[in-house]
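Structure file target_13.cif with mmCIF, C-alpha atoms; chains and numbers go by the auth columns:
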```
data_entry
#
loop_
_atom_site.group_PDB
_atom_site.id
_atom_site.type_symbol
_atom_site.label_atom_id
_atom_site.label_comp_id
_atom_site.label_asym_id
_atom_site.label_seq_id
_atom_site.Cartn_x
_atom_site.Cartn_y
_atom_site.Cartn_z
_atom_site.B_iso_or_equiv
_atom_site.auth_seq_id
_atom_site.auth_asym_id
ATOM 1 C CA MET A 1 0.000 0.000 0.000 0.00 1 A
ATOM 2 C CA ASN A 2 1.376 3.391 -0.918 0.00 2 A
ATOM 3 C CA LEU A 3 1.544 6.398 1.407 0.00 3 A
ATOM 4 C CA LYS A 4 -1.544 8.054 -0.098 0.00 4 A
ATOM 5 C CA ASP A 5 -3.661 4.929 0.479 0.00 5 A
ATOM 6 C CA ALA A 6 -2.297 4.500 4.006 0.00 6 A
ATOM 7 C CA LEU A 7 -3.093 8.129 4.830 0.00 7 A
ATOM 8 C CA ARG A 8 -6.625 7.791 3.410 0.00 8 A
ATOM 9 C CA ARG A 9 -7.247 4.824 5.738 0.00 9 A
ATOM 10 C CA SER A 10 -5.860 6.574 8.824 0.00 10 A
ATOM 11 C CA PRO A 11 -8.308 7.198 11.692 0.00 11 A
ATOM 12 C CA ALA A 12 -7.982 10.993 11.467 0.00 12 A
ATOM 13 C CA VAL A 13 -8.783 11.078 7.757 0.00 13 A
ATOM 14 C CA CYS A 14 -11.658 8.584 8.184 0.00 14 A
ATOM 15 C CA LEU A 15 -13.114 10.842 10.890 0.00 15 A
ATOM 16 C CA MET A 16 -12.899 13.906 8.656 0.00 16 A
ATOM 17 C CA VAL A 17 -14.412 12.081 5.682 0.00 17 A
ATOM 18 C CA ALA A 18 -17.268 10.786 7.852 0.00 18 A
ATOM 19 C CA LEU A 19 -17.971 14.289 9.156 0.00 19 A
ATOM 20 C CA VAL A 20 -18.140 15.719 5.634 0.00 20 A
ATOM 21 C CA LEU A 21 -20.358 12.835 4.466 0.00 21 A
ATOM 22 C CA ALA A 22 -22.681 13.287 7.457 0.00 22 A
ATOM 23 C CA LEU A 23 -22.949 17.030 6.898 0.00 23 A
ATOM 24 C CA ARG A 24 -23.856 16.355 3.251 0.00 24 A
ATOM 25 C CA GLY A 25 -26.471 13.789 4.295 0.00 25 A
ATOM 26 C CA ARG A 26 -24.557 10.924 2.686 0.00 26 A
ATOM 27 C CA LEU A 27 -23.730 9.089 5.943 0.00 27 A
ATOM 28 C CA ARG A 28 -26.587 8.413 8.283 0.00 28 A
ATOM 29 C CA LEU A 29 -28.141 6.065 10.758 0.00 29 A
ATOM 30 C CA ARG A 30 -31.098 4.249 9.220 0.00 30 A
ATOM 31 C CA HIS A 31 -33.945 2.175 10.601 0.00 31 A
ATOM 32 C CA GLN A 32 -34.391 -0.278 7.726 0.00 32 A
ATOM 33 C CA PHE A 33 -33.328 -3.377 9.706 0.00 33 A
ATOM 34 C CA VAL A 34 -33.338 -2.058 13.296 0.00 34 A
ATOM 35 C CA GLY A 35 -35.498 -4.152 15.603 0.00 35 A
ATOM 36 C CA ARG A 36 -35.442 -7.168 13.298 0.00 36 A
ATOM 37 C CA ALA A 37 -34.268 -10.644 14.275 0.00 37 A
ATOM 38 C CA VAL A 38 -31.691 -12.235 11.993 0.00 38 A
ATOM 39 C CA VAL A 39 -31.244 -16.006 12.176 0.00 39 A
ATOM 40 C CA MET A 40 -27.854 -17.286 11.108 0.00 40 A
ATOM 41 C CA GLU A 41 -26.805 -20.724 9.928 0.00 41 A
ATOM 42 C CA GLY A 42 -26.984 -23.023 12.925 0.00 42 A
ATOM 43 C CA GLY A 43 -30.073 -21.218 14.232 0.00 43 A
ATOM 44 C CA GLN A 44 -28.437 -18.479 16.321 0.00 44 A
ATOM 45 C CA SER A 45 -30.668 -15.396 16.444 0.00 45 A
ATOM 46 C CA PHE A 46 -29.346 -11.830 16.575 0.00 46 A
ATOM 47 C CA HIS A 47 -31.268 -8.610 17.226 0.00 47 A
ATOM 48 C CA VAL A 48 -30.332 -5.646 14.985 0.00 48 A
ATOM 49 C CA PHE A 49 -29.923 -2.478 17.044 0.00 49 A
ATOM 50 C CA ARG A 50 -28.129 -0.097 14.648 0.00 50 A
ATOM 51 C CA HIS A 51 -27.810 0.438 10.892 0.00 51 A
ATOM 52 C CA LEU A 52 -25.293 2.845 9.346 0.00 52 A
ATOM 53 C CA SER A 53 -25.517 3.608 5.637 0.00 53 A
ATOM 54 C CA ARG A 54 -23.375 5.618 3.259 0.00 54 A
ATOM 55 C CA SER A 55 -24.848 6.681 -0.058 0.00 55 A
ATOM 56 C CA THR A 56 -22.361 6.082 -2.809 0.00 56 A
ATOM 57 C CA SER A 57 -22.185 6.323 -6.574 0.00 57 A
ATOM 58 C CA SER A 58 -19.637 3.520 -6.800 0.00 58 A
ATOM 59 C CA SER A 59 -20.500 0.771 -9.245 0.00 59 A
ATOM 60 C CA GLY A 60 -18.095 -1.828 -7.830 0.00 60 A
ATOM 61 C CA THR A 61 -19.042 -5.427 -7.117 0.00 61 A
ATOM 62 C CA PRO A 62 -20.226 -5.396 -3.492 0.00 62 A
ATOM 63 C CA ALA A 63 -18.958 -7.802 -0.845 0.00 63 A
ATOM 64 C CA ILE A 64 -20.226 -8.680 2.615 0.00 64 A
ATOM 65 C CA LEU A 65 -18.091 -9.086 5.732 0.00 65 A
ATOM 66 C CA VAL A 66 -19.578 -10.804 8.790 0.00 66 A
ATOM 67 C CA VAL A 67 -17.660 -10.401 12.053 0.00 67 A
ATOM 68 C CA ARG A 68 -18.799 -12.294 15.159 0.00 68 A
ATOM 69 C CA PHE A 69 -17.363 -12.138 18.677 0.00 69 A
ATOM 70 C CA ARG A 70 -18.057 -11.784 22.376 0.00 70 A
ATOM 71 C CA PHE A 71 -16.693 -8.822 24.343 0.00 71 A
ATOM 72 C CA LYS A 72 -14.210 -9.546 27.139 0.00 72 A
ATOM 73 C CA LYS A 73 -15.877 -7.193 29.593 0.00 73 A
ATOM 74 C CA PHE A 74 -18.652 -4.709 30.280 0.00 74 A
ATOM 75 C CA SER A 75 -22.402 -5.152 30.082 0.00 75 A
ATOM 76 C CA GLN A 76 -24.357 -5.373 26.835 0.00 76 A
ATOM 77 C CA GLY A 77 -25.762 -1.897 27.458 0.00 77 A
ATOM 78 C CA PHE A 78 -22.347 -0.337 27.994 0.00 78 A
ATOM 79 C CA ASN A 79 -20.915 -2.160 24.962 0.00 79 A
ATOM 80 C CA ARG A 80 -23.789 -0.800 22.851 0.00 80 A
ATOM 81 C CA LEU A 81 -22.788 2.679 23.969 0.00 81 A
ATOM 82 C CA LEU A 82 -19.090 2.006 23.287 0.00 82 A
ATOM 83 C CA SER A 83 -19.955 0.657 19.838 0.00 83 A
ATOM 84 C CA LEU A 84 -20.865 4.227 18.838 0.00 84 A
ATOM 85 C CA VAL A 85 -17.199 5.249 19.059 0.00 85 A
ATOM 86 C CA PRO A 86 -16.050 3.562 15.814 0.00 86 A
ATOM 87 C CA VAL A 87 -19.106 4.664 13.795 0.00 87 A
ATOM 88 C CA PRO A 88 -17.337 7.602 12.097 0.00 88 A
ATOM 89 C CA LEU A 89 -14.161 5.562 11.587 0.00 89 A
ATOM 90 C CA ILE A 90 -16.153 2.879 9.793 0.00 90 A
ATOM 91 C CA GLY A 91 -18.352 5.343 7.888 0.00 91 A
ATOM 92 C CA GLY A 92 -15.346 7.260 6.591 0.00 92 A
ATOM 93 C CA PHE A 93 -13.323 4.192 5.631 0.00 93 A
ATOM 94 C CA PRO A 94 -12.779 3.847 1.868 0.00 94 A
ATOM 95 C CA GLY A 95 -15.233 1.478 0.240 0.00 95 A
ATOM 96 C CA PHE A 96 -17.738 1.368 3.116 0.00 96 A
ATOM 97 C CA ARG A 97 -21.434 1.167 2.154 0.00 97 A
ATOM 98 C CA ASP A 98 -23.532 -0.278 5.019 0.00 98 A
ATOM 99 C CA LYS A 99 -23.254 -1.923 8.419 0.00 99 A
ATOM 100 C CA VAL A 100 -25.715 -3.417 10.870 0.00 100 A
ATOM 101 C CA TRP A 101 -24.837 -4.047 14.510 0.00 101 A
ATOM 102 C CA MET A 102 -26.479 -7.057 16.155 0.00 102 A
ATOM 103 C CA VAL A 103 -26.424 -8.904 19.454 0.00 103 A
ATOM 104 C CA ASP A 104 -27.635 -12.301 20.629 0.00 104 A
ATOM 105 C CA GLU A 105 -28.888 -11.184 24.016 0.00 105 A
ATOM 106 C CA GLU A 106 -29.013 -14.754 25.377 0.00 106 A
ATOM 107 C CA THR A 107 -25.386 -15.689 24.635 0.00 107 A
ATOM 108 C CA GLY A 108 -23.795 -12.231 24.618 0.00 108 A
ATOM 109 C CA ASP A 109 -22.452 -12.803 21.095 0.00 109 A
ATOM 110 C CA TRP A 110 -22.157 -9.722 18.876 0.00 110 A
ATOM 111 C CA GLN A 111 -22.171 -9.606 15.118 0.00 111 A
ATOM 112 C CA GLY A 112 -21.494 -6.912 12.568 0.00 112 A
ATOM 113 C CA VAL A 113 -22.531 -7.350 8.964 0.00 113 A
ATOM 114 C CA TYR A 114 -20.913 -4.891 6.572 0.00 114 A
ATOM 115 C CA GLU A 115 -21.341 -4.176 2.896 0.00 115 A
ATOM 116 C CA TRP A 116 -18.250 -2.931 1.069 0.00 116 A
ATOM 117 C CA GLU A 117 -17.882 -1.752 -2.519 0.00 117 A
ATOM 118 C CA SER A 118 -15.481 -4.618 -3.315 0.00 118 A
ATOM 119 C CA ALA A 119 -13.676 -7.660 -1.955 0.00 119 A
ATOM 120 C CA ASP A 120 -10.510 -5.519 -1.944 0.00 120 A
ATOM 121 C CA ALA A 121 -12.196 -3.007 0.398 0.00 121 A
ATOM 122 C CA VAL A 122 -13.076 -5.925 2.730 0.00 122 A
ATOM 123 C CA GLU A 123 -9.407 -6.960 2.804 0.00 123 A
ATOM 124 C CA GLN A 124 -8.285 -3.397 3.517 0.00 124 A
ATOM 125 C CA TYR A 125 -10.776 -3.075 6.385 0.00 125 A
ATOM 126 C CA CYS A 126 -9.655 -6.421 7.851 0.00 126 A
ATOM 127 C CA GLU A 127 -6.183 -4.869 8.203 0.00 127 A
ATOM 128 C CA SER A 128 -7.490 -1.594 9.656 0.00 128 A
ATOM 129 C CA PHE A 129 -7.005 0.127 12.979 0.00 129 A
ATOM 130 C CA VAL A 130 -10.758 -0.038 13.685 0.00 130 A
ATOM 131 C CA LEU A 131 -11.003 -3.797 13.325 0.00 131 A
ATOM 132 C CA ALA A 132 -7.788 -4.242 15.318 0.00 132 A
ATOM 133 C CA VAL A 133 -9.298 -2.313 18.255 0.00 133 A
ATOM 134 C CA MET A 134 -12.447 -4.440 18.153 0.00 134 A
ATOM 135 C CA THR A 135 -10.324 -7.580 17.993 0.00 135 A
ATOM 136 C CA ARG A 136 -8.468 -6.540 21.157 0.00 136 A
ATOM 137 C CA ARG A 137 -11.798 -6.105 22.970 0.00 137 A
ATOM 138 C CA ALA A 138 -13.035 -9.569 21.938 0.00 138 A
ATOM 139 C CA VAL A 139 -12.636 -12.933 23.634 0.00 139 A
ATOM 140 C CA PRO A 140 -10.143 -14.479 21.151 0.00 140 A
ATOM 141 C CA GLU A 141 -11.799 -17.890 20.753 0.00 141 A
ATOM 142 C CA THR A 142 -15.154 -16.251 19.915 0.00 142 A
ATOM 143 C CA LEU A 143 -13.822 -14.111 17.045 0.00 143 A
ATOM 144 C CA SER A 144 -14.702 -15.141 13.495 0.00 144 A
ATOM 145 C CA TYR A 145 -14.753 -13.457 10.081 0.00 145 A
ATOM 146 C CA GLU A 146 -16.639 -14.474 6.956 0.00 146 A
ATOM 147 C CA ALA A 147 -16.399 -12.705 3.607 0.00 147 A
ATOM 148 C CA ASN A 148 -19.095 -13.109 0.958 0.00 148 A
ATOM 149 C CA PRO A 149 -18.120 -11.621 -2.404 0.00 149 A
ATOM 150 C CA ARG A 150 -20.706 -10.380 -4.893 0.00 150 A
ATOM 151 C CA MET A 151 -23.437 -9.857 -2.315 0.00 151 A
ATOM 152 C CA GLN A 152 -25.369 -6.859 -0.979 0.00 152 A
ATOM 153 C CA LEU A 153 -26.354 -6.323 2.655 0.00 153 A
ATOM 154 C CA ALA A 154 -30.091 -6.166 1.956 0.00 154 A
ATOM 155 C CA ASP A 155 -30.022 -9.479 0.085 0.00 155 A
ATOM 156 C CA TYR A 156 -27.903 -11.120 2.774 0.00 156 A
ATOM 157 C CA LEU A 157 -30.216 -10.018 5.577 0.00 157 A
ATOM 158 C CA GLU A 158 -33.540 -10.574 3.810 0.00 158 A
ATOM 159 C CA ARG A 159 -32.750 -14.277 3.542 0.00 159 A
ATOM 160 C CA ARG A 160 -32.146 -14.455 7.288 0.00 160 A
ATOM 161 C CA ILE A 161 -34.776 -12.149 8.815 0.00 161 A
ATOM 162 C CA GLU A 162 -37.468 -13.865 10.875 0.00 162 A
#
```
Show me, as structure tokens, the structure contained in the file I just sent.
Amino acid sequence: MNLKDALRRSPAVCLMVALVLALRGRLRLRHQFVGRAVVMEGGQSFHVFRHLSRSTSSSGTPAILVVRFRFKKFSQGFNRLLSLVPVPLIGGFPGFRDKVWMVDEETGDWQGVYEWESADAVEQYCESFVLAVMTRRAVPETLSYEANPRMQLADYLERRIE
């Protein structure tokens, strides 16, 4: 990765980009999936509590990233509050389109489902500061990643919503 790309993915630049996008109405919290139950393979059910969307004119081939984990500490309520901190870092990251935050309130498992403009954007995010911070807050044996190329968030979720 060259210096320009590294700078564009830095937390400070992501924050600034997210702020500009939000002020222009292109980055916003939505309610499309909030409150819905999503049942994953194996039958585990997650409750969607937040949906962040970035309007984009990109015509890339979308890809989905599913990240699942359990936090090492703090209550579900406090972790929901803390999960607001990376919102602008994610929203300003190159290639970001959509994310839903979910929790299985019975097990304490958390799941994020992201849509990116390409499989390359997924790879870049997997190497990012934001994901590294989340990884440090997770119980290591509960952390899993799954990439699904050529898929959109709405299609992925619609097949799993109860």
Take the PyMOL selection byres ((chain A and resi 3-19) around 10), run it mentally on this structure, and tell me the resulting residues as number ranges by chain. A: 1-2, 20-28, 54, 86-94, 124-125, 128-130
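CA of Gly42 (chain A) is found 26.6 Å from CA of Phe74 (chain A).
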Check the smallest atom-to-atom distance from each of A:Val100, A:Met40, A:Leu52, A:Leu131 to Leu143 (chain A) using only C-alpha atoms, then report the winner.
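Checking each of A:Val100, A:Met40, A:Leu52, A:Leu131 against Leu143 (chain A), counting only C-alpha atoms, the winner is A:Leu131.
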Please write as a PyMOL selection string the full residue list that the PyMOL selection byres ((chain A and resi 142) around 6) yields on this file. chain A and resi 69-70+139-141+143
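Across the structure, CA of Glu162 (chain A) and CA of Glu146 (chain A) are spaced 21.2 Å apart.
Here CA of Arg97 (chain A) is placed at a distance of 23.8 Å from CA of Glu41 (chain A).
Evaluated against this file, the PyMOL selection byres ((chain A and resi 76) around 12) yields A:Phe49, A:Arg70, A:Phe71, A:Lys72, A:Lys73, A:Phe74, A:Ser75, A:Gly77, A:Phe78, A:Asn79, A:Arg80, A:Leu81, A:Leu82, A:Ser83, A:Met102, A:Val103, A:Asp104, A:Glu105, A:Glu106, A:Thr107, A:Gly108, A:Asp109, A:Trp110.
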Item to check | Residue among A:Ser59, A:Ser53, A:Ser45, A:Gln111 lying closest to Leu153 (chain A), counting all atoms listed in the file | outcome: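 Counting all atoms listed in the file, the residue closest to Leu153 (chain A) is A:Ser53.
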Next on the checklist: I'd like to know which of A:Phe33, A:Ala121, A:Val39, A:Val133 is closest to Val85 (chain A), using only C-alpha atoms.
Outcome noted: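 Of A:Phe33, A:Ala121, A:Val39, A:Val133, the one nearest Val85 (chain A), counting only C-alpha atoms, is A:Val133.
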- request: Tell me, as a ChimeraX atom specification, which residues lie within 12 Å of Asp155 (chain A), counting all atoms listed in the file; anything in the same chain fewer than 6 positions away does not count.
  value: /A:33,62-64,113,115,148,161
| Nearest to Glu158 (chain A), chosen from A:Ser144, A:Ser118, A:Gln44, A:Gln32, with all atoms listed in the file counted in the distances |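 Of A:Ser144, A:Ser118, A:Gln44, A:Gln32, the one nearest Glu158 (chain A), counting all atoms listed in the file, is A:Gln32.
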_Who sits within 9 Å of Val122 (chain A), only C-alpha atoms, same chain under 5 positions skipped, as a list of chain:residue names_ =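 These residues fall inside the cut-off: A:Ala63, A:Ile64, A:Leu65, A:Gly95, A:Phe96, A:Tyr114, A:Glu115, A:Trp116, A:Glu117, A:Glu127, A:Ala147.
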